[in-house]
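So this one's coords-v9.cif, mmCIF, C-alpha atoms:
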```
data_run
#
loop_
_atom_site.label_atom_id
_atom_site.label_comp_id
_atom_site.auth_asym_id
_atom_site.auth_seq_id
_atom_site.Cartn_x
_atom_site.Cartn_y
_atom_site.Cartn_z
CA MET A 924 -80.83 -1.69 -20.86
CA PRO A 925 -81.17 -2.51 -17.08
CA GLY A 926 -81.12 1.20 -16.21
CA LEU A 927 -83.78 1.96 -18.81
CA LEU A 928 -86.08 -0.78 -17.51
CA SER A 929 -85.59 0.29 -13.88
CA THR A 930 -86.47 3.89 -14.70
CA SER A 931 -89.54 2.82 -16.70
CA SER A 932 -90.89 0.55 -13.92
CA SER A 933 -90.43 3.27 -11.26
CA LEU A 934 -92.40 5.75 -13.33
CA LEU A 935 -95.19 3.23 -13.88
CA TRP A 936 -95.34 2.46 -10.15
CA ARG A 937 -95.71 6.12 -9.22
CA ARG A 938 -98.32 6.74 -11.90
CA LEU A 939 -100.44 3.63 -11.27
CA GLY A 940 -100.04 3.21 -7.49
CA ARG A 941 -100.43 -0.13 -5.70
CA ARG A 942 -103.38 -1.17 -7.86
CA GLY A 943 -101.18 -0.93 -10.92
CA ALA A 944 -98.30 -2.94 -9.46
CA ALA A 945 -99.34 -6.19 -11.08
CA PHE A 946 -99.70 -4.47 -14.44
CA SER A 947 -96.26 -2.84 -14.06
CA LEU A 948 -94.57 -6.13 -13.21
CA ALA A 949 -96.28 -7.88 -16.11
CA LEU A 950 -95.10 -5.15 -18.47
CA LEU A 951 -91.55 -5.45 -17.12
CA ALA A 952 -91.59 -9.22 -17.57
CA ALA A 953 -92.82 -8.86 -21.15
CA ALA A 954 -90.09 -6.32 -21.93
CA LEU A 955 -87.39 -8.62 -20.51
CA LEU A 956 -88.76 -11.58 -22.47
CA PHE A 957 -88.79 -9.54 -25.70
CA THR A 958 -85.22 -8.37 -25.09
CA PHE A 959 -84.03 -11.91 -24.41
CA PHE A 960 -85.50 -13.35 -27.61
CA ARG A 961 -84.38 -10.37 -29.68
CA TYR A 962 -80.71 -10.71 -28.77
CA ALA A 963 -80.72 -14.50 -28.56
CA ALA A 964 -81.82 -14.57 -32.22
CA VAL A 965 -78.97 -12.33 -33.39
CA PRO A 966 -75.70 -14.16 -34.13
CA SER A 967 -72.80 -12.35 -32.45
CA ALA A 968 -69.46 -11.63 -34.11
CA SER A 969 -67.67 -12.62 -30.90
CA PRO A 970 -68.45 -14.61 -27.77
CA SER A 971 -69.39 -11.45 -25.87
CA PRO A 972 -70.52 -7.99 -27.00
CA SER A 973 -67.88 -5.30 -27.43
CA PRO A 974 -67.70 -2.70 -24.65
CA THR A 975 -69.87 0.32 -25.47
CA TYR A 976 -68.95 2.65 -22.58
CA GLY A 977 -72.49 3.86 -22.03
CA HIS A 978 -73.33 4.04 -25.75
CA ARG A 979 -75.65 1.83 -27.77
CA LEU A 980 -74.70 -1.65 -28.88
CA PRO A 981 -72.61 -1.93 -32.09
CA THR A 982 -74.44 -2.33 -35.39
CA LEU A 983 -74.42 -5.85 -36.84
CA VAL A 984 -73.67 -5.97 -40.57
CA ASP A 985 -74.42 -8.85 -42.96
CA LEU A 986 -71.88 -10.73 -45.06
CA THR A 987 -71.99 -10.27 -48.84
CA LEU A 988 -70.24 -12.90 -50.97
CA VAL A 989 -68.52 -12.08 -54.27
CA TYR A 990 -68.83 -14.72 -56.97
CA ASP A 991 -65.91 -14.78 -59.41
CA ARG A 992 -64.43 -18.11 -60.47
CA ASP A 993 -60.87 -16.74 -60.32
CA ALA A 994 -61.26 -14.92 -56.99
CA VAL A 995 -61.59 -17.51 -54.23
CA CYS A 996 -60.45 -18.18 -50.68
CA LEU A 997 -57.83 -20.81 -49.84
CA ASP A 998 -60.45 -23.57 -50.00
CA GLY A 999 -62.17 -22.37 -53.17
CA THR A 1000 -65.16 -20.70 -51.50
CA PRO A 1001 -66.10 -17.15 -52.57
CA PRO A 1002 -64.61 -14.15 -50.72
CA GLY A 1003 -66.83 -11.61 -48.99
CA TYR A 1004 -67.29 -8.29 -47.28
CA HIS A 1005 -69.68 -6.50 -44.92
CA PHE A 1006 -71.20 -3.22 -46.16
CA LEU A 1007 -72.86 -0.56 -44.01
CA PRO A 1008 -74.35 2.28 -46.14
CA GLY A 1009 -73.57 5.85 -45.21
CA PHE A 1010 -76.09 8.56 -44.42
CA GLY A 1011 -76.44 12.33 -44.30
CA ASP A 1012 -73.41 14.26 -45.47
CA GLY A 1013 -71.35 11.06 -45.35
CA SER A 1014 -73.37 9.26 -48.03
CA HIS A 1015 -70.79 10.02 -50.73
CA SER A 1016 -67.74 9.14 -48.61
CA TRP A 1017 -66.30 5.63 -48.37
CA LEU A 1018 -64.11 3.90 -45.78
CA LEU A 1019 -62.82 0.41 -46.57
CA HIS A 1020 -61.14 -1.81 -44.00
CA LEU A 1021 -58.95 -4.80 -44.88
CA GLU A 1022 -59.18 -7.50 -42.23
CA GLY A 1023 -56.01 -8.90 -40.66
CA GLY A 1024 -55.07 -12.31 -39.29
CA SER A 1025 -51.41 -13.30 -39.86
CA TRP A 1026 -50.35 -15.46 -42.85
CA CYS A 1027 -49.77 -19.11 -43.72
CA ARG A 1028 -46.25 -20.07 -44.70
CA ASN A 1029 -46.56 -23.69 -45.88
CA PHE A 1030 -49.11 -26.30 -46.93
CA LYS A 1031 -49.52 -27.56 -43.38
CA SER A 1032 -50.41 -24.16 -41.93
CA CYS A 1033 -52.58 -23.28 -44.95
CA ALA A 1034 -54.46 -26.58 -44.52
CA ARG A 1035 -55.29 -25.60 -40.94
CA ARG A 1036 -56.25 -22.14 -42.07
CA LYS A 1037 -58.66 -23.49 -44.71
CA LYS A 1038 -60.83 -24.79 -41.88
CA THR A 1039 -61.25 -21.34 -40.32
CA ASN A 1040 -62.75 -17.97 -41.25
CA LEU A 1041 -59.27 -16.90 -42.41
CA GLY A 1042 -59.29 -19.43 -45.22
CA SER A 1043 -62.91 -20.10 -46.06
CA SER A 1044 -66.09 -18.04 -46.25
CA ALA A 1045 -67.95 -21.18 -45.12
CA HIS A 1046 -66.55 -20.49 -41.65
CA MET A 1047 -67.12 -16.72 -41.58
CA ASP A 1048 -69.69 -15.11 -39.31
CA THR A 1049 -72.66 -14.04 -41.40
CA ARG A 1050 -72.96 -10.86 -39.32
CA VAL A 1051 -70.23 -8.88 -37.55
CA GLU A 1052 -70.12 -5.91 -35.22
CA PHE A 1053 -68.88 -2.62 -36.65
CA VAL A 1054 -66.80 -0.96 -33.94
CA GLY A 1055 -63.87 1.45 -33.76
CA ILE A 1056 -63.20 3.13 -37.09
CA LEU A 1057 -66.17 1.19 -38.56
CA SER A 1058 -68.65 2.36 -35.91
CA ASP A 1059 -71.72 4.38 -36.95
CA ASP A 1060 -71.90 5.96 -33.48
CA GLU A 1061 -70.69 9.57 -33.63
CA SER A 1062 -69.47 9.51 -30.03
CA GLN A 1063 -67.17 6.56 -30.82
CA ASN A 1064 -66.12 7.51 -34.34
CA PRO A 1065 -66.59 11.29 -34.68
CA ASP A 1066 -65.16 11.83 -38.18
CA PHE A 1067 -66.29 8.75 -40.11
CA TYR A 1068 -69.45 7.54 -38.34
CA ASN A 1069 -71.85 8.35 -41.22
CA TRP A 1070 -69.65 7.20 -44.11
CA ASN A 1071 -70.24 4.15 -46.28
CA LYS A 1072 -68.11 1.53 -44.51
CA VAL A 1073 -66.88 -1.85 -45.71
CA LYS A 1074 -65.04 -4.62 -43.89
CA ILE A 1075 -63.30 -6.84 -46.44
CA ARG A 1076 -62.75 -10.37 -45.14
CA TYR A 1077 -59.29 -11.91 -45.31
CA CYS A 1078 -59.14 -15.51 -46.55
CA ASP A 1079 -56.08 -15.87 -48.80
CA GLY A 1080 -53.23 -16.05 -46.27
CA ALA A 1081 -50.91 -13.55 -47.98
CA SER A 1082 -52.34 -10.06 -47.39
CA PHE A 1083 -54.38 -9.99 -50.63
CA SER A 1084 -51.20 -10.28 -52.72
CA GLY A 1085 -50.77 -13.89 -53.88
CA HIS A 1086 -51.63 -14.85 -57.45
CA VAL A 1087 -50.99 -18.46 -58.40
CA GLN A 1088 -53.27 -19.06 -61.37
CA ASP A 1089 -53.62 -22.84 -61.10
CA GLU A 1090 -55.02 -24.71 -58.16
CA VAL A 1091 -52.09 -25.98 -56.10
CA LYS A 1092 -52.47 -29.66 -55.27
CA ASN A 1093 -50.48 -31.08 -52.40
CA GLY A 1094 -52.63 -33.91 -51.12
CA THR A 1095 -55.51 -31.43 -51.14
CA GLY A 1096 -56.32 -28.38 -53.20
CA PHE A 1097 -55.23 -24.83 -52.38
CA PHE A 1098 -56.08 -21.57 -54.10
CA PHE A 1099 -53.66 -18.67 -53.69
CA ARG A 1100 -55.68 -15.83 -55.20
CA GLY A 1101 -55.37 -12.84 -52.86
CA GLN A 1102 -54.67 -10.39 -55.68
CA ARG A 1103 -57.74 -11.58 -57.57
CA ILE A 1104 -59.86 -11.28 -54.42
CA TRP A 1105 -58.75 -7.65 -54.11
CA GLU A 1106 -59.65 -6.96 -57.75
CA ALA A 1107 -63.05 -8.72 -57.61
CA VAL A 1108 -64.14 -7.04 -54.38
CA MET A 1109 -63.08 -3.62 -55.67
CA ALA A 1110 -65.00 -4.16 -58.91
CA ASP A 1111 -68.11 -5.10 -56.93
CA LEU A 1112 -67.84 -2.06 -54.66
CA LEU A 1113 -67.17 0.32 -57.55
CA SER A 1114 -70.46 -0.81 -59.10
CA LYS A 1115 -72.26 -0.12 -55.82
CA GLY A 1116 -71.24 3.52 -55.55
CA LEU A 1117 -67.54 3.58 -54.65
CA SER A 1118 -66.75 4.93 -58.13
CA ARG A 1119 -68.76 8.06 -57.29
CA ALA A 1120 -67.07 8.71 -53.96
CA LYS A 1121 -66.15 12.29 -53.12
CA GLN A 1122 -63.58 11.07 -50.61
CA ALA A 1123 -62.26 7.58 -49.94
CA PHE A 1124 -60.17 6.02 -47.19
CA LEU A 1125 -58.49 2.60 -47.37
CA THR A 1126 -57.62 1.17 -43.95
CA GLY A 1127 -56.49 -2.14 -42.50
CA CYS A 1128 -54.97 -3.62 -39.37
CA SER A 1129 -52.21 -6.17 -38.77
CA ALA A 1130 -51.89 -8.33 -41.93
CA GLY A 1131 -54.60 -6.04 -43.30
CA GLY A 1132 -52.36 -3.10 -42.47
CA LEU A 1133 -49.65 -4.66 -44.62
CA SER A 1134 -52.32 -5.12 -47.31
CA THR A 1135 -53.03 -1.38 -47.09
CA TYR A 1136 -49.39 -0.54 -47.80
CA ILE A 1137 -49.43 -3.00 -50.71
CA HIS A 1138 -52.68 -1.72 -52.28
CA CYS A 1139 -52.75 1.97 -51.36
CA ASP A 1140 -51.66 3.24 -54.77
CA ASP A 1141 -53.89 0.65 -56.48
CA PHE A 1142 -56.84 2.09 -54.56
CA ARG A 1143 -55.95 5.60 -55.67
CA ALA A 1144 -55.74 4.43 -59.30
CA LEU A 1145 -59.25 2.96 -59.11
CA LEU A 1146 -60.71 6.36 -58.20
CA PRO A 1147 -59.35 8.90 -60.71
CA LYS A 1148 -62.32 11.25 -60.22
CA THR A 1149 -62.32 11.18 -56.41
CA PRO A 1150 -60.74 14.40 -55.06
CA THR A 1151 -59.45 12.92 -51.78
CA VAL A 1152 -58.05 9.41 -51.44
CA LYS A 1153 -55.89 8.42 -48.47
CA CYS A 1154 -54.79 5.28 -46.62
CA LEU A 1155 -54.26 4.16 -43.01
CA ALA A 1156 -52.22 1.16 -41.88
CA ASP A 1157 -52.86 0.15 -38.27
CA GLY A 1158 -50.44 -2.19 -36.53
CA GLY A 1159 -49.06 -3.21 -39.91
CA PHE A 1160 -45.49 -1.88 -39.83
CA PHE A 1161 -43.79 -5.23 -39.25
CA LEU A 1162 -40.05 -5.00 -38.68
CA ASP A 1163 -37.20 -6.90 -40.29
CA VAL A 1164 -35.08 -7.19 -37.14
CA GLU A 1165 -33.13 -9.85 -35.28
CA ASP A 1166 -35.00 -11.70 -32.57
CA VAL A 1167 -33.70 -12.44 -29.06
CA ALA A 1168 -31.65 -15.36 -30.43
CA GLY A 1169 -30.04 -13.26 -33.16
CA ARG A 1170 -32.13 -14.78 -35.97
CA ARG A 1171 -34.29 -12.92 -38.46
CA TYR A 1172 -37.31 -15.09 -37.83
CA MET A 1173 -39.83 -12.79 -39.49
CA ARG A 1174 -37.78 -12.56 -42.67
CA ALA A 1175 -37.63 -16.36 -42.88
CA PHE A 1176 -41.39 -16.49 -42.29
CA TYR A 1177 -42.05 -13.94 -45.05
CA ASN A 1178 -39.66 -15.78 -47.38
CA ASP A 1179 -41.87 -18.86 -47.04
CA VAL A 1180 -45.07 -16.90 -47.64
CA ALA A 1181 -43.60 -15.11 -50.67
CA ARG A 1182 -42.35 -18.32 -52.29
CA LEU A 1183 -45.53 -20.28 -51.57
CA GLN A 1184 -47.84 -17.66 -53.08
CA ASP A 1185 -45.46 -16.23 -55.69
CA VAL A 1186 -45.77 -12.67 -54.39
CA ARG A 1187 -42.35 -11.45 -55.53
CA LYS A 1188 -43.78 -10.32 -58.88
CA ARG A 1189 -46.20 -8.10 -56.95
CA PHE A 1190 -43.24 -5.87 -55.95
CA PRO A 1191 -41.38 -4.73 -59.06
CA HIS A 1192 -39.69 -2.00 -57.01
CA CYS A 1193 -37.83 -4.60 -54.96
CA SER A 1194 -34.12 -5.03 -55.63
CA PRO A 1195 -33.31 -8.34 -57.38
CA ASP A 1196 -30.55 -9.08 -54.88
CA MET A 1197 -32.99 -9.03 -51.96
CA GLU A 1198 -34.61 -12.13 -50.51
CA PRO A 1199 -38.30 -12.43 -51.53
CA GLY A 1200 -39.45 -11.96 -47.94
CA GLN A 1201 -37.62 -8.65 -47.64
CA CYS A 1202 -39.84 -7.22 -50.36
CA PHE A 1203 -42.89 -7.99 -48.19
CA PHE A 1204 -41.89 -5.71 -45.31
CA PRO A 1205 -43.71 -2.35 -45.09
CA ARG A 1206 -40.46 -0.42 -45.00
CA GLU A 1207 -39.73 -1.62 -48.53
CA VAL A 1208 -43.32 -1.49 -49.82
CA ALA A 1209 -43.87 2.05 -48.52
CA LYS A 1210 -40.89 3.49 -50.39
CA SER A 1211 -42.84 3.54 -53.64
CA ILE A 1212 -46.20 4.75 -52.26
CA THR A 1213 -47.28 8.13 -53.64
CA THR A 1214 -50.75 8.31 -52.01
CA PRO A 1215 -51.03 10.02 -48.59
CA MET A 1216 -50.57 7.40 -45.85
CA PHE A 1217 -51.07 7.37 -42.09
CA ILE A 1218 -48.97 5.04 -39.93
CA LEU A 1219 -50.78 4.03 -36.73
CA ASN A 1220 -48.56 1.78 -34.66
CA PRO A 1221 -47.72 1.11 -31.02
CA ALA A 1222 -44.00 1.24 -30.32
CA TYR A 1223 -44.35 -2.00 -28.34
CA ASP A 1224 -46.69 -3.94 -30.60
CA VAL A 1225 -47.79 -6.96 -28.57
CA TRP A 1226 -48.04 -9.21 -31.65
CA GLN A 1227 -44.55 -8.29 -32.82
CA VAL A 1228 -43.05 -8.67 -29.35
CA GLU A 1229 -44.31 -12.25 -29.39
CA HIS A 1230 -43.73 -13.27 -33.00
CA VAL A 1231 -40.99 -11.00 -34.32
CA LEU A 1232 -38.85 -10.27 -31.27
CA SER A 1233 -39.27 -13.38 -29.11
CA PRO A 1234 -40.79 -16.26 -31.11
CA GLU A 1235 -40.99 -19.56 -29.25
CA GLY A 1236 -38.28 -21.19 -31.33
CA SER A 1237 -35.84 -18.48 -30.25
CA ASP A 1238 -36.83 -18.74 -26.59
CA PRO A 1239 -36.46 -22.46 -25.75
CA GLN A 1240 -36.38 -21.81 -21.99
CA ASN A 1241 -39.53 -19.69 -22.21
CA LEU A 1242 -37.83 -16.78 -20.46
CA TRP A 1243 -39.99 -14.31 -22.39
CA ARG A 1244 -43.36 -15.94 -21.72
CA ASN A 1245 -44.51 -13.57 -18.97
CA CYS A 1246 -43.14 -10.50 -20.76
CA ARG A 1247 -44.91 -11.48 -23.99
CA MET A 1248 -48.23 -11.64 -22.15
CA ASP A 1249 -47.93 -8.56 -19.92
CA ILE A 1250 -45.39 -5.76 -20.32
CA THR A 1251 -45.44 -5.07 -16.57
CA LYS A 1252 -43.93 -8.56 -16.09
CA CYS A 1253 -40.86 -7.76 -18.21
CA SER A 1254 -37.48 -7.73 -16.48
CA SER A 1255 -35.18 -4.71 -16.67
CA LYS A 1256 -33.09 -6.52 -19.30
CA GLN A 1257 -36.18 -7.36 -21.35
CA LEU A 1258 -37.38 -3.74 -21.12
CA GLU A 1259 -33.99 -2.66 -22.43
CA ILE A 1260 -34.49 -4.95 -25.44
CA LEU A 1261 -38.00 -3.56 -25.94
CA GLN A 1262 -36.60 -0.03 -25.99
CA GLY A 1263 -34.23 -1.17 -28.73
CA PHE A 1264 -37.21 -2.56 -30.63
CA ARG A 1265 -38.94 0.83 -30.33
CA LYS A 1266 -35.81 2.53 -31.67
CA ALA A 1267 -35.78 0.14 -34.65
CA LEU A 1268 -39.37 1.14 -35.45
CA LEU A 1269 -38.61 4.85 -35.21
CA ASP A 1270 -35.52 4.41 -37.42
CA ALA A 1271 -37.61 2.50 -39.99
CA ILE A 1272 -40.33 5.16 -40.23
CA ASN A 1273 -37.94 8.11 -40.06
CA GLU A 1274 -37.67 8.40 -43.84
CA PHE A 1275 -41.46 8.86 -44.02
CA LYS A 1276 -41.62 11.65 -41.43
CA ASN A 1277 -40.45 14.11 -44.06
CA ARG A 1278 -43.36 13.35 -46.39
CA ARG A 1279 -45.60 16.32 -45.79
CA ASP A 1280 -48.85 14.56 -46.70
CA TRP A 1281 -48.13 11.54 -44.51
CA GLY A 1282 -49.19 11.24 -40.88
CA MET A 1283 -48.28 9.05 -37.93
CA PHE A 1284 -49.36 8.22 -34.40
CA ILE A 1285 -46.80 6.06 -32.58
CA ASP A 1286 -47.83 5.59 -28.97
CA SER A 1287 -45.89 3.80 -26.24
CA CYS A 1288 -48.57 1.19 -25.56
CA PHE A 1289 -48.47 -2.61 -25.45
CA ILE A 1290 -51.34 -3.29 -27.84
CA HIS A 1291 -52.14 -4.33 -31.42
CA CYS A 1292 -54.72 -3.00 -33.90
CA GLN A 1293 -56.03 0.13 -32.18
CA SER A 1294 -58.49 1.28 -34.86
CA MET A 1295 -60.66 -1.83 -34.54
CA LYS A 1296 -61.33 -1.68 -30.80
CA ALA A 1297 -63.76 0.84 -29.34
CA ILE A 1298 -61.66 1.16 -26.19
CA THR A 1299 -58.44 2.07 -28.04
CA TRP A 1300 -59.88 4.06 -30.97
CA HIS A 1301 -61.88 6.75 -29.18
CA SER A 1302 -63.05 6.23 -25.61
CA PRO A 1303 -62.27 7.61 -22.16
CA SER A 1304 -59.69 4.80 -21.85
CA ALA A 1305 -58.00 5.38 -25.22
CA ALA A 1306 -54.33 6.33 -25.31
CA ARG A 1307 -53.58 9.98 -25.98
CA ILE A 1308 -50.59 11.82 -27.34
CA ASN A 1309 -50.72 15.57 -26.77
CA ASP A 1310 -54.27 15.05 -25.50
CA LYS A 1311 -55.44 13.49 -28.79
CA THR A 1312 -56.78 9.96 -29.26
CA ALA A 1313 -55.84 7.95 -32.35
CA ALA A 1314 -59.28 8.73 -33.80
CA GLU A 1315 -58.81 12.47 -33.31
CA ALA A 1316 -55.29 12.40 -34.74
CA VAL A 1317 -56.38 10.44 -37.82
CA GLY A 1318 -59.35 12.76 -38.37
CA ASP A 1319 -57.16 15.86 -38.04
CA TRP A 1320 -54.77 14.44 -40.63
CA PHE A 1321 -57.41 13.19 -43.08
CA PHE A 1322 -59.27 16.51 -43.15
CA ASP A 1323 -56.05 18.59 -43.17
CA ARG A 1324 -56.86 20.29 -39.88
CA ARG A 1325 -53.20 20.07 -38.86
CA GLU A 1326 -50.01 18.19 -39.58
CA VAL A 1327 -49.93 15.00 -37.50
CA LYS A 1328 -46.56 13.44 -36.69
CA GLU A 1329 -47.15 12.21 -33.15
CA ILE A 1330 -44.29 10.20 -31.59
CA ASP A 1331 -44.80 9.19 -27.96
CA CYS A 1332 -42.09 9.02 -25.28
CA GLU A 1333 -40.66 5.70 -24.03
CA TYR A 1334 -42.65 3.22 -21.97
CA PRO A 1335 -43.84 3.67 -19.22
CA CYS A 1336 -44.15 7.43 -19.71
CA ASN A 1337 -47.76 7.60 -21.00
CA PRO A 1338 -50.33 7.05 -18.22
CA THR A 1339 -53.21 7.00 -20.76
CA CYS A 1340 -52.00 3.79 -22.44
CA TYR A 1341 -54.39 0.87 -22.56
CA ASN A 1342 -51.96 -2.05 -22.37
CA ALA A 1343 -53.00 -5.56 -23.31
CA VAL A 1344 -52.73 -8.38 -20.79
CA LEU A 1345 -53.05 -11.68 -22.63
CA ASP A 1346 -54.61 -14.79 -21.14
CA GLU A 1347 -52.89 -16.89 -23.77
CA PRO A 1348 -50.41 -16.21 -26.59
CA TYR A 1349 -51.55 -14.95 -29.97
CA LYS A 1350 -52.08 -17.77 -32.43
CA GLU A 1351 -49.74 -17.89 -35.38
CA ASP A 1352 -49.99 -19.98 -38.52
#
```

Could you show the structure in this file as structure tokens?
Amino acid sequence: MPGLLSTSSSLLWRRLGRRGAAFSLALLAAALLFTFFRYAAVPSASPSPSPTYGHRLPTLVDLTLVYDRDAVCLDGTPPGYHFLPGFGDGSHSWLLHLEGGSWCRNFKSCARRKKTNLGSSAHMDTRVEFVGILSDDESQNPDFYNWNKVKIRYCDGASFSGHVQDEVKNGTGFFFRGQRIWEAVMADLLSKGLSRAKQAFLTGCSAGGLSTYIHCDDFRALLPKTPTVKCLADGGFFLDVEDVAGRRYMRAFYNDVARLQDVRKRFPHCSPDMEPGQCFFPREVAKSITTPMFILNPAYDVWQVEHVLSPEGSDPQNLWRNCRMDITKCSSKQLEILQGFRKALLDAINEFKNRRDWGMFIDSCFIHCQSMKAITWHSPSAARINDKTAAEAVGDWFFDRREVKEIDCEYPCNPTCYNAVLDEPYKED
């Protein structure tokens, strides 16, 4: 915007000469005033605009609420989504994205969550920016920019999988209806054109990535007449591994979530001798998936390093604090443990490498949720494996341009990585 105004004022000066200077300055002032009021009146999805790298600002998309008495957020408010219609040759293609945001494991954490956008539509932004895989800018999202795109808001605390029919009362009311939210939102979208899709793509990141594993085959079943249906889970392959204290913290966490929201029945494939939380891990969920799936994951997922590998309760002396925030601050011993974590991820996904219609992009970056950030999805600063960004790799796989099984080398081998440096730890419920 500043460059555009500077160019315009210079041209006016040359054309009008000194006598037109006052007119030029008045015009410039009016343009600045208009710009200020225009953007001041638009509610932002975040405190500051997303980087655009020389491109136009992201499109803001309104919230649509879905009214179904059985499908409600933790606090009983209606769930919602943001819908951006497609155009051109993408008008009959649909991309759905399931929002992430951790989970709540007990009444105390769910009570806190009810007061945020992750537990109540009353706290959701009414308009959000569509960036990354949701962008409608061809330069930022070359393969899916003109598709119908939907961001489905996450407000149930259990990756759209809980289904406790009655309101749970524990001093205050809770609704655990993630499965019903999934069903109600899908029914609404099917009526708005999803049922006529020629190709459809279910995506999600973090807890939404886990949701994608859980609902991928459900999505395929909803679209029997759609020729191409595929799924992408970004940053959602959470590992069932021991933490730095030798505990399986994440399994205990998932056990609490599964018991609280009665999600065990959602996974009939799960062995009866397994703990309920074990059934919630992607490695188990993915075993039964028959729909083509793409695994997009960093080998050193910053969220998992903090909450799976070195949770605070397993690091009482806070020896991992600096490493959790910035991988360049990790000691040689900590880096050795991180390389073991990478190996655990590669071992876990190894059984899926042989599935011909599956794809994967496992880079060696310290990041989380790469499809939902313009800088990590497709930009000059995005990580590359074999000179391909995540966006290019996913597009190649979706459109069958090539087989995509990209596994990066160990950190710090990839100079293209965009590694997160946190100012404060990730919040966890």

Using only C-alpha atoms, find all polymer residues with an atom at most 6 Å away from the point (-50.1, 3.1, -34.2); report them as a PDB file with C-alpha atoms, keeping the file's coordinate frame.
```
ATOM      1  CA  ASP A1157     -52.860   0.150 -38.270  1.00  0.00           C
ATOM      2  CA  GLY A1158     -50.440  -2.190 -36.530  1.00  0.00           C
ATOM      3  CA  LEU A1219     -50.780   4.030 -36.730  1.00  0.00           C
ATOM      4  CA  ASN A1220     -48.560   1.780 -34.660  1.00  0.00           C
ATOM      5  CA  PRO A1221     -47.720   1.110 -31.020  1.00  0.00           C
ATOM      6  CA  PHE A1284     -49.360   8.220 -34.400  1.00  0.00           C
ATOM      7  CA  ILE A1285     -46.800   6.060 -32.580  1.00  0.00           C
TER       8      ILE A1285
END
```

Please identify every residue of region 1173-1290 of chain A that has at least one atom no farther than 8 Å from an atom of region 1072-1083 of chain A, counting all atoms listed in the file, and for each give the shortest atom pair and the distance in Å to one decimal, arranged by chain then increasing number, as a Markdown table.
```
| residue | atom | partner | partner_atom | distance |
| --- | --- | --- | --- | --- |
| A:Val1180 | CA | A:Ala1081 | CA | 6.7 |
| A:Ala1181 | CA | A:Ala1081 | CA | 7.9 |
| A:Gln1184 | CA | A:Ala1081 | CA | 7.2 |
```

>> the PyMOL selection byres ((chain A and resi 1345) around 10) - which residues does that actually catch in the file I just gave you? List them as a VMD selection string.
In response: chain A and resid 1225 1245 1247 to 1250 1342 to 1344 1346 to 1349

>> Take the PyMOL selection byres ((chain A and resi 1263) around 12), run it mentally on this structure, and tell me the resulting residues as a PyMOL selection string.
In response: chain A and resi 1164-1167+1222-1223+1228+1232+1256-1262+1264-1270+1333-1334

> Pick the closest to Val1051 (chain A) from A:His1086, A:Lys1037, A:Arg1170, A:His1005: which is it, counting all atoms listed in the file?
Replying inline: A:His1005
